[in-house]
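The block underneath contains the structure these notes are about, expressed in structure tokens.
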Amino acid sequence: MHDDRTLVEARLKRVLDERVRPAVYPASVPLQVAVWHAPGEPVPVAEGLAATPEPIAVGARWGAPWGTSWFTVTGTVPEDWAGKTVEAVLDLGFDENMPGFQCEGLVYRPDGTPVKGLNPRNQWVRIGAPVAGGEEVRLHIEAASNPVILDYHPFVPTRLGDKETAGSEPQYTLTRMDLAVLDETVWQLVIDLEVLGELMAELPVDSARRHDILRAVDRALDAIDLQDVNGTAARARAELEQVLASPAVPSAHRISAVGHAHIDSAWLWPLRETVRKVARTTSNMTALLEDEPEFVFAMSQAQQWAWVKEHRPEVWARVKKAVADGRFVPAGGMWVESDTNMPGSEAMARQFVHGKRFFLDEFGVENDEAWLPDTFGFAAGLPQIIKAAGSRYLLTQKISWSRTNRFPHHTFRWEGIDGTRIFTHFPPVDTYNCSMKGSELAHAARNFKDKGRARHSLAPTGWGDGGGGTTREMVAKAARVRNLEGSPTVVWETPKAFFVKAEAEYPEPPVWVGELYLELHRATLTSQAQTKQGNRRSEHLLREAELWAATAAVRTGFPYPHEDLDRIWKTVLLHQFHDILPGSSIAWVHREARATYARVAAELDGIIEAAQRALAGEGERELVFNAAPHERAGVAAGGAGVPAVSGRTTLTAREDGGFLLDNGLLRVEVDGRGLVVSAYDTEADRETVAPGRAANLLQLHPDFPNMWDAWDVDEFYRNTVTDLTGAESVTAGEDGASVRIVRAFGDSRVTQVLSLPPGERRLVIDTEVDWHETEKFLKLAFPLDVHAERYASETQFGHVHRPTHTNTSWEAAKFEACNHRFVHLEEPGWGVAVVNDSTYGHDVTRTVRADGGTTTTVRVSLLRAPRFPDPETDQGVHRFRHALVPGAGIGDAVREGWRINLPERRLTGGREVAPLVAVDRDAVVVTAVKLADDGSGDVVVRFHEAHGGRARATLTAGFPVAGVTVTDLLERPLPDAPAPAVDGERIAVRLRPFELVTLRLRRA
């Protein structure tokens, strides 16, 4: 016996690869194969089964990019195989190193019953165990020839990401189509040897346990006759029984394995292909559940469940049965695993509303956990949204991807901006595609940062993204390490069971306050600008549609469009998935997203107009409808009326070029380069722009990250910058009260209009960019004469503060961050806001000037031009609106952010419209006014404290109120919530800083 582990490992690898694994299928016969290539998009199952296929041979090329081919395989089980286990082995041309991300198949019986998916590491279909011999076999395979797009490094620009540019070259080679005998003893021997070999590799070199395993493996290899593996496999297994039976030590780390298949709702494939990926995976998992009594599988994203229900009812029936048995578990309680940085307040809330309601309606299941393993960081407003939805826990893994700082905990309480704390777990296994390898389990135990106080962690186990989910090999490995010396213990459990155990053993874990910032993938705040604009516009249109439709329903009997709004919300929520809204999907996905957002806007505009016409009635008065949550020019929030006249703006030419804009509140100087060299707050007698600097400065950087083109911007991009100061023209605008600037650079062109609305302390900047750059990053800079050590950035239901300095590596890592409608910074008594209508990424830096003052520069991220996965990212025309608001307190920033995103609407009519719900404090912001989802006619109003302080306010209903109930996000009563004081239609409320409240008002 060799004492050298390296020699035994080398021997084990060769014997496994060259003798034992090939003996798993000791006998095989070829199947006859025929194929029909569906023209165009995928066809219904019945059509695919009814098509007439043509013969095709193993070794033939097949599958145009994004095509669908229906294979029919037929054969007869040999008579002399009677009593044996027989499987069909069906290899479409898989690359086993890439589970998912390539061709896939779903196997059907002739009657259309789905059997299971075919994937790189799941190529078998059971025919019989045992067979009688002579059985006729006929199977159909719906095969998707999705092209391989992902090439980790270098990322190669490819036209394969859109069916319109992908061409028709066959992508795959049909590799194996056989009937084969499965030797289950050899198969089990493979698992025994893999588990012990992997465990041995992780144990200390001088440990007794390692030597025990080494000797047992060596004996097992000696017991194998390499010319008769099948005849000697049982003898080899016997040599391993003792080391496999040795139990784990009582202090072993405990892993809750959760069967899992992380399926991106769109990424390197379009939405329609995800529908099929989910069907294949759920077919696989329901089949595995039938075979493995201890296995538990969890699937998140209610949208994916809904797709199965809608498109694959035959699969749905199997899923429903498995759910009823308690082993196929709805997880997460969200419509999709969304981005959490960019979705607005209501959209983030509705992710939980629609997700949890789907699982409640379909299965009676209440989700306690948010399940977001792959999301690119977590906004600080999320904890109270999770709690307000009736959930208690959060799971994610992605923070382990951070490149600068290692997060100090794996189990902790996460505290959001309002003080809400959520029990949170990061699996120390550091993957959401665990395959039960010994190296993964050992890493989880070593890596777990809370050892000594806790010893439970979770391992999401299975191949995702079309890899087929958990495999029978993973289940077999888990069975061996359930209680195995030297290994963490593993048990299959639901997410809820894990969290209950973890919280019970660690009731007072450490607390992390504020956002969970991912130190990676920062460019997802900017890539694919039109997708982000579509999201922002859709969110605000939905607010308007609900507000005006509810108001019209109560006042005029207007039919509230429950079903339409429900459908549209789900469409918008789907597109907030963490590879769609972040801009990291293929061209096809974003092309379809742009078209979808256009349809959504048209439909919502139609609902808004119909409701407003019902409210305005007949007449010739010009009315302004104000959907913003604050009064505007004398028109109440949520009402319509005639706006007050608010003065005028003058425009005069400067002697040395450029213009002076003045409305009595602000005096703005634009020089001959089209740059803002002064923005003077006349009331405060205060200059906004830093001395010697200019605002409205467009800056261009090279942008070629080390990896992950659409996802990343690396800090070294700042090393090189070009200030775009040259202007083709700086002229007076057509209205005589604005400045128009035209610039050209590279192959691109920018047109800007700067205006100063009468009566407003706000410089509006409308920017149109005809963008034709490659691997460049465009920023819009505002160097401000403000000394501030921190700034406020709007997030869901409030704002988060970030430092302007880089004292520590944690602060330095946040060189690109997310905001919603505003960024605000201030000195005591005076501040500045930069507000936007559709951008998210920004950076804030500070420098000390020669005069001793501080310049704090806010830069808005406008456009990027990565080439992977979409080689034409953002090429074309884009329009942005920003505003610089000097003299702004935090309340002004909140108000101006809403106003720029909810422009007034004008309509002729005969009557003004009073708000359906009014609030008397600007600090209390109403984010939604709608009718209850259950069709009762109750009015639901959601609001929060937005300034970061305590607030008392009175809500006044514009209708008789019979009762008021405090509810959760799903509009269910909160029994422990104190009832607000009600006086007729007046409701008194008290809010903590950033507190979120939902009230249900019953109409009398």
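Ligands are numbered from 1 in the order shown, residues from 1 within each chain, and chains are lettered A, B, ... in the order they appear in the structure tokens.
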Item to check | stretch 466-480 of chain A surroundings by only C-alpha atoms, 6 Å radius, close-in-sequence under 3 positions cut, as a list in words | outcome: Pro99, Gly100, Asn119, Gly259, His260, Ala261, Lys277, Thr281, Ser435, Met436, Gly462 and Trp463 of chain A
Only N, CA and C atoms, please: the residues just picked out, written as a PDB file, in the first residue's frame.
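Dumped everything to selection-v8.pdb:
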```pdb
ATOM      1  N   PRO A  99     -22.986  22.809 -17.392  1.00  0.00           N
ATOM      2  CA  PRO A  99     -24.401  22.492 -17.187  1.00  0.00           C
ATOM      3  C   PRO A  99     -25.244  23.741 -17.409  1.00  0.00           C
ATOM      4  N   GLY A 100     -26.220  23.659 -18.298  1.00  0.00           N
ATOM      5  CA  GLY A 100     -26.932  24.849 -18.730  1.00  0.00           C
ATOM      6  C   GLY A 100     -26.119  25.550 -19.806  1.00  0.00           C
ATOM      7  N   ASN A 119     -29.980  17.128 -19.918  1.00  0.00           N
ATOM      8  CA  ASN A 119     -29.010  18.179 -19.640  1.00  0.00           C
ATOM      9  C   ASN A 119     -27.616  17.556 -19.646  1.00  0.00           C
ATOM     10  N   GLY A 259     -32.657  21.284  -2.402  1.00  0.00           N
ATOM     11  CA  GLY A 259     -32.639  21.083  -3.840  1.00  0.00           C
ATOM     12  C   GLY A 259     -32.992  22.378  -4.537  1.00  0.00           C
ATOM     13  N   HIS A 260     -32.236  22.720  -5.569  1.00  0.00           N
ATOM     14  CA  HIS A 260     -32.351  24.071  -6.129  1.00  0.00           C
ATOM     15  C   HIS A 260     -31.908  24.065  -7.576  1.00  0.00           C
ATOM     16  N   ALA A 261     -32.479  24.941  -8.351  1.00  0.00           N
ATOM     17  CA  ALA A 261     -32.024  25.175  -9.726  1.00  0.00           C
ATOM     18  C   ALA A 261     -32.231  26.657  -9.998  1.00  0.00           C
ATOM     19  N   LYS A 277     -37.018  26.260 -20.117  1.00  0.00           N
ATOM     20  CA  LYS A 277     -36.041  25.820 -19.118  1.00  0.00           C
ATOM     21  C   LYS A 277     -36.739  25.409 -17.825  1.00  0.00           C
ATOM     22  N   THR A 281     -36.751  21.693 -16.101  1.00  0.00           N
ATOM     23  CA  THR A 281     -36.229  21.507 -14.747  1.00  0.00           C
ATOM     24  C   THR A 281     -37.293  20.950 -13.814  1.00  0.00           C
ATOM     25  N   SER A 435     -22.933  21.058  -5.728  1.00  0.00           N
ATOM     26  CA  SER A 435     -23.106  19.721  -6.311  1.00  0.00           C
ATOM     27  C   SER A 435     -22.720  18.622  -5.330  1.00  0.00           C
ATOM     28  N   MET A 436     -22.595  18.961  -4.052  1.00  0.00           N
ATOM     29  CA  MET A 436     -22.252  18.003  -3.002  1.00  0.00           C
ATOM     30  C   MET A 436     -20.829  17.475  -3.118  1.00  0.00           C
ATOM     31  N   GLY A 462     -27.846  22.011  -6.758  1.00  0.00           N
ATOM     32  CA  GLY A 462     -28.356  21.638  -8.074  1.00  0.00           C
ATOM     33  C   GLY A 462     -27.851  22.579  -9.141  1.00  0.00           C
ATOM     34  N   TRP A 463     -27.870  22.092 -10.378  1.00  0.00           N
ATOM     35  CA  TRP A 463     -27.445  22.914 -11.512  1.00  0.00           C
ATOM     36  C   TRP A 463     -28.598  23.813 -11.943  1.00  0.00           C
TER      37      TRP A 463
END
```
Excluding A:Ile255 and residues on its chain fewer than 5 positions from it, collect all residues at most 12 Å away from it, counting only C-alpha atoms, and give them as a PDB file with N, CA and C atoms, in the first residue's frame.
```pdb
ATOM      1  N   PRO A 427     -25.026  31.629   2.518  1.00  0.00           N
ATOM      2  CA  PRO A 427     -24.452  30.284   2.572  1.00  0.00           C
ATOM      3  C   PRO A 427     -22.928  30.312   2.430  1.00  0.00           C
ATOM      4  N   PRO A 428     -22.197  29.784   3.406  1.00  0.00           N
ATOM      5  CA  PRO A 428     -20.730  29.813   3.316  1.00  0.00           C
ATOM      6  C   PRO A 428     -20.183  28.867   2.255  1.00  0.00           C
ATOM      7  N   VAL A 429     -21.036  28.034   1.674  1.00  0.00           N
ATOM      8  CA  VAL A 429     -20.586  27.177   0.580  1.00  0.00           C
ATOM      9  C   VAL A 429     -20.188  28.012  -0.633  1.00  0.00           C
ATOM     10  N   CYS A 434     -24.453  24.264  -5.665  1.00  0.00           N
ATOM     11  CA  CYS A 434     -23.688  23.240  -4.973  1.00  0.00           C
ATOM     12  C   CYS A 434     -23.978  21.872  -5.599  1.00  0.00           C
ATOM     13  N   MET A 436     -22.595  18.961  -4.052  1.00  0.00           N
ATOM     14  CA  MET A 436     -22.252  18.003  -3.002  1.00  0.00           C
ATOM     15  C   MET A 436     -20.829  17.475  -3.118  1.00  0.00           C
ATOM     16  N   GLU A 440     -16.669  21.454  -1.760  1.00  0.00           N
ATOM     17  CA  GLU A 440     -17.698  22.452  -1.442  1.00  0.00           C
ATOM     18  C   GLU A 440     -18.111  22.345   0.017  1.00  0.00           C
ATOM     19  N   LEU A 441     -18.327  21.126   0.486  1.00  0.00           N
ATOM     20  CA  LEU A 441     -18.768  20.951   1.870  1.00  0.00           C
ATOM     21  C   LEU A 441     -17.679  21.376   2.841  1.00  0.00           C
ATOM     22  N   ALA A 442     -16.445  21.007   2.535  1.00  0.00           N
ATOM     23  CA  ALA A 442     -15.344  21.405   3.409  1.00  0.00           C
ATOM     24  C   ALA A 442     -15.173  22.915   3.425  1.00  0.00           C
ATOM     25  N   HIS A 443     -15.345  23.536   2.269  1.00  0.00           N
ATOM     26  CA  HIS A 443     -15.245  24.998   2.207  1.00  0.00           C
ATOM     27  C   HIS A 443     -16.326  25.639   3.055  1.00  0.00           C
ATOM     28  N   ALA A 444     -17.548  25.108   3.008  1.00  0.00           N
ATOM     29  CA  ALA A 444     -18.635  25.675   3.817  1.00  0.00           C
ATOM     30  C   ALA A 444     -18.284  25.638   5.291  1.00  0.00           C
ATOM     31  N   ALA A 445     -17.725  24.513   5.740  1.00  0.00           N
ATOM     32  CA  ALA A 445     -17.388  24.381   7.163  1.00  0.00           C
ATOM     33  C   ALA A 445     -16.237  25.307   7.551  1.00  0.00           C
ATOM     34  N   PHE A 448     -17.315  29.232   7.275  1.00  0.00           N
ATOM     35  CA  PHE A 448     -18.409  29.734   8.111  1.00  0.00           C
ATOM     36  C   PHE A 448     -17.857  30.650   9.197  1.00  0.00           C
ATOM     37  N   ALA A 454     -22.552  29.394  16.213  1.00  0.00           N
ATOM     38  CA  ALA A 454     -23.578  28.716  15.416  1.00  0.00           C
ATOM     39  C   ALA A 454     -22.882  27.660  14.570  1.00  0.00           C
ATOM     40  N   ARG A 455     -23.618  26.681  14.107  1.00  0.00           N
ATOM     41  CA  ARG A 455     -23.005  25.662  13.247  1.00  0.00           C
ATOM     42  C   ARG A 455     -23.948  25.141  12.183  1.00  0.00           C
ATOM     43  N   HIS A 456     -24.958  25.926  11.833  1.00  0.00           N
ATOM     44  CA  HIS A 456     -25.852  25.546  10.746  1.00  0.00           C
ATOM     45  C   HIS A 456     -25.630  26.467   9.548  1.00  0.00           C
ATOM     46  N   SER A 457     -25.589  25.899   8.360  1.00  0.00           N
ATOM     47  CA  SER A 457     -25.618  26.707   7.138  1.00  0.00           C
ATOM     48  C   SER A 457     -26.448  25.988   6.092  1.00  0.00           C
ATOM     49  N   LEU A 458     -26.720  26.679   5.025  1.00  0.00           N
ATOM     50  CA  LEU A 458     -27.590  26.161   3.969  1.00  0.00           C
ATOM     51  C   LEU A 458     -26.792  26.020   2.682  1.00  0.00           C
ATOM     52  N   ALA A 459     -27.100  24.992   1.905  1.00  0.00           N
ATOM     53  CA  ALA A 459     -26.436  24.774   0.615  1.00  0.00           C
ATOM     54  C   ALA A 459     -27.479  24.567  -0.470  1.00  0.00           C
ATOM     55  N   PRO A 460     -27.727  25.583  -1.314  1.00  0.00           N
ATOM     56  CA  PRO A 460     -28.620  25.375  -2.469  1.00  0.00           C
ATOM     57  C   PRO A 460     -27.946  24.399  -3.431  1.00  0.00           C
ATOM     58  N   THR A 461     -28.595  23.276  -3.704  1.00  0.00           N
ATOM     59  CA  THR A 461     -27.915  22.157  -4.350  1.00  0.00           C
ATOM     60  C   THR A 461     -28.573  21.799  -5.674  1.00  0.00           C
ATOM     61  N   ALA A 478     -25.179  13.097  -0.939  1.00  0.00           N
ATOM     62  CA  ALA A 478     -25.727  13.636   0.304  1.00  0.00           C
ATOM     63  C   ALA A 478     -26.070  12.524   1.277  1.00  0.00           C
ATOM     64  N   VAL A 481     -22.909  11.483   3.124  1.00  0.00           N
ATOM     65  CA  VAL A 481     -22.343  12.445   4.080  1.00  0.00           C
ATOM     66  C   VAL A 481     -23.388  12.923   5.085  1.00  0.00           C
ATOM     67  N   ARG A 482     -24.500  12.243   5.127  1.00  0.00           N
ATOM     68  CA  ARG A 482     -25.512  12.598   6.129  1.00  0.00           C
ATOM     69  C   ARG A 482     -24.921  12.523   7.532  1.00  0.00           C
ATOM     70  N   ASN A 483     -24.033  11.535   7.737  1.00  0.00           N
ATOM     71  CA  ASN A 483     -23.421  11.361   9.054  1.00  0.00           C
ATOM     72  C   ASN A 483     -22.096  10.640   8.852  1.00  0.00           C
ATOM     73  N   SER A 487     -16.572  14.895   7.623  1.00  0.00           N
ATOM     74  CA  SER A 487     -17.369  15.748   6.745  1.00  0.00           C
ATOM     75  C   SER A 487     -18.414  16.500   7.560  1.00  0.00           C
ATOM     76  N   PRO A 488     -18.835  17.669   7.093  1.00  0.00           N
ATOM     77  CA  PRO A 488     -20.061  18.242   7.653  1.00  0.00           C
ATOM     78  C   PRO A 488     -21.222  17.273   7.448  1.00  0.00           C
ATOM     79  N   THR A 489     -22.194  17.323   8.319  1.00  0.00           N
ATOM     80  CA  THR A 489     -23.386  16.498   8.127  1.00  0.00           C
ATOM     81  C   THR A 489     -24.336  17.213   7.193  1.00  0.00           C
ATOM     82  N   VAL A 490     -25.073  16.442   6.432  1.00  0.00           N
ATOM     83  CA  VAL A 490     -25.975  17.008   5.428  1.00  0.00           C
ATOM     84  C   VAL A 490     -27.345  16.375   5.573  1.00  0.00           C
ATOM     85  N   VAL A 491     -28.368  17.201   5.570  1.00  0.00           N
ATOM     86  CA  VAL A 491     -29.742  16.709   5.581  1.00  0.00           C
ATOM     87  C   VAL A 491     -30.563  17.571   4.636  1.00  0.00           C
ATOM     88  N   TRP A 492     -31.475  16.941   3.885  1.00  0.00           N
ATOM     89  CA  TRP A 492     -32.358  17.697   2.992  1.00  0.00           C
ATOM     90  C   TRP A 492     -33.434  18.375   3.827  1.00  0.00           C
ATOM     91  N   GLU A 493     -33.585  19.690   3.651  1.00  0.00           N
ATOM     92  CA  GLU A 493     -34.569  20.435   4.422  1.00  0.00           C
ATOM     93  C   GLU A 493     -35.133  21.572   3.587  1.00  0.00           C
ATOM     94  N   THR A 494     -36.305  22.027   3.995  1.00  0.00           N
ATOM     95  CA  THR A 494     -36.888  23.206   3.363  1.00  0.00           C
ATOM     96  C   THR A 494     -36.173  24.456   3.860  1.00  0.00           C
ATOM     97  N   PRO A 495     -36.243  25.559   3.104  1.00  0.00           N
ATOM     98  CA  PRO A 495     -35.652  26.808   3.614  1.00  0.00           C
ATOM     99  C   PRO A 495     -36.209  27.208   4.978  1.00  0.00           C
ATOM    100  N   ALA A 497     -37.382  25.291   7.371  1.00  0.00           N
ATOM    101  CA  ALA A 497     -36.837  24.441   8.432  1.00  0.00           C
ATOM    102  C   ALA A 497     -35.425  24.883   8.795  1.00  0.00           C
ATOM    103  N   PHE A 498     -34.633  25.226   7.787  1.00  0.00           N
ATOM    104  CA  PHE A 498     -33.283  25.714   8.078  1.00  0.00           C
ATOM    105  C   PHE A 498     -33.337  26.981   8.919  1.00  0.00           C
ATOM    106  N   PHE A 499     -34.132  27.964   8.483  1.00  0.00           N
ATOM    107  CA  PHE A 499     -34.131  29.248   9.180  1.00  0.00           C
ATOM    108  C   PHE A 499     -34.634  29.105  10.615  1.00  0.00           C
ATOM    109  N   LYS A 501     -34.265  26.514  12.578  1.00  0.00           N
ATOM    110  CA  LYS A 501     -33.157  25.946  13.352  1.00  0.00           C
ATOM    111  C   LYS A 501     -32.050  26.966  13.569  1.00  0.00           C
ATOM    112  N   ALA A 502     -31.696  27.670  12.501  1.00  0.00           N
ATOM    113  CA  ALA A 502     -30.584  28.613  12.597  1.00  0.00           C
ATOM    114  C   ALA A 502     -30.895  29.735  13.572  1.00  0.00           C
TER     115      ALA A 502
END
```
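Pairwise distance (atom CA of A:Gln242, atom CA of A:Ala208) equals 14.3 Å.
Nearest to A:Gly948 of all the residues A:Ala792, A:Val156, A:Ala248, A:Leu666 is A:Ala792, counting only C-alpha atoms.
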Next on the checklist: Set the distance at 7 Å and use only C-alpha atoms: which residues neighbour A:Leu268 once local chain neighbours fewer than 4 positions away are removed? I'd like the list as a list in words.
Outcome noted: Ile149, Gly161, Ser585 and Ile586 of chain A
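Taking atom CA of A:Ala710 and atom CA of A:Ala695 as the two end points, the separation is 28.0 Å.
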I'd like to know which residues of stretch 410-604 of chain A are strand (DSSP E) (by DSSP, run on the backbone); could you write them as a CSV table (one decimal) with N, CA and C atoms, in the first residue's frame?
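The resulting file, states_1.csv, is reproduced below:
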```
chain,number,residue,atom,x,y,z
A,411,THR,N,-24.3,34.6,9.1
A,411,THR,CA,-25.6,34.6,9.7
A,411,THR,C,-25.7,35.9,10.6
A,412,PHE,N,-26.7,36.7,10.4
A,412,PHE,CA,-26.7,38.0,11.1
A,412,PHE,C,-28.1,38.6,11.0
A,413,ARG,N,-28.3,39.6,11.7
A,413,ARG,CA,-29.6,40.4,11.5
A,413,ARG,C,-29.2,41.7,10.7
A,414,TRP,N,-30.0,41.9,9.7
A,414,TRP,CA,-29.8,43.0,8.8
A,414,TRP,C,-30.8,44.1,9.1
A,415,GLU,N,-30.2,45.3,9.5
A,415,GLU,CA,-31.1,46.4,9.9
A,415,GLU,C,-31.2,47.4,8.7
A,421,ARG,N,-35.2,44.8,11.5
A,421,ARG,CA,-34.1,43.8,11.4
A,421,ARG,C,-34.7,42.5,10.9
A,422,ILE,N,-33.9,41.9,9.9
A,422,ILE,CA,-34.3,40.7,9.3
A,422,ILE,C,-33.2,39.7,9.5
A,423,PHE,N,-33.5,38.5,9.9
A,423,PHE,CA,-32.6,37.4,10.1
A,423,PHE,C,-32.1,37.0,8.7
A,424,THR,N,-30.8,37.0,8.5
A,424,THR,CA,-30.2,36.9,7.2
A,424,THR,C,-29.1,35.9,7.2
A,425,HIS,N,-29.0,35.1,6.0
A,425,HIS,CA,-28.0,34.1,5.9
A,425,HIS,C,-27.4,34.1,4.6
A,456,HIS,N,-25.0,25.9,11.8
A,456,HIS,CA,-25.9,25.5,10.7
A,456,HIS,C,-25.6,26.5,9.5
A,457,SER,N,-25.6,25.9,8.4
A,457,SER,CA,-25.6,26.7,7.1
A,457,SER,C,-26.4,26.0,6.1
A,458,LEU,N,-26.7,26.7,5.0
A,458,LEU,CA,-27.6,26.2,4.0
A,458,LEU,C,-26.8,26.0,2.7
A,459,ALA,N,-27.1,25.0,1.9
A,459,ALA,CA,-26.4,24.8,0.6
A,459,ALA,C,-27.5,24.6,-0.5
A,460,PRO,N,-27.7,25.6,-1.3
A,460,PRO,CA,-28.6,25.4,-2.5
A,460,PRO,C,-27.9,24.4,-3.4
A,461,THR,N,-28.6,23.3,-3.7
A,461,THR,CA,-27.9,22.2,-4.4
A,461,THR,C,-28.6,21.8,-5.7
A,489,THR,N,-22.2,17.3,8.3
A,489,THR,CA,-23.4,16.5,8.1
A,489,THR,C,-24.3,17.2,7.2
A,490,VAL,N,-25.1,16.4,6.4
A,490,VAL,CA,-26.0,17.0,5.4
A,490,VAL,C,-27.3,16.4,5.6
A,491,VAL,N,-28.4,17.2,5.6
A,491,VAL,CA,-29.7,16.7,5.6
A,491,VAL,C,-30.6,17.6,4.6
A,492,TRP,N,-31.5,16.9,3.9
A,492,TRP,CA,-32.4,17.7,3.0
A,492,TRP,C,-33.4,18.4,3.8
A,511,VAL,N,-25.3,42.4,14.1
A,511,VAL,CA,-26.2,43.2,13.3
A,511,VAL,C,-25.4,44.0,12.3
A,512,TRP,N,-25.9,44.0,11.1
A,512,TRP,CA,-25.3,44.8,10.0
A,512,TRP,C,-26.3,45.9,9.7
A,513,VAL,N,-25.9,47.2,9.7
A,513,VAL,CA,-26.8,48.3,9.5
A,513,VAL,C,-26.6,48.9,8.1
```
Checklist entry - Could you pull out all residues of stretch 190-439 of chain A with a DSSP call of helix (DSSP H, G or I) and give them as a PyMOL selection string? => result chain A and resi 190-202+208-223+229-238+241-245+271-291+302-311+313-324+345-363+382-388+398-401+438-439
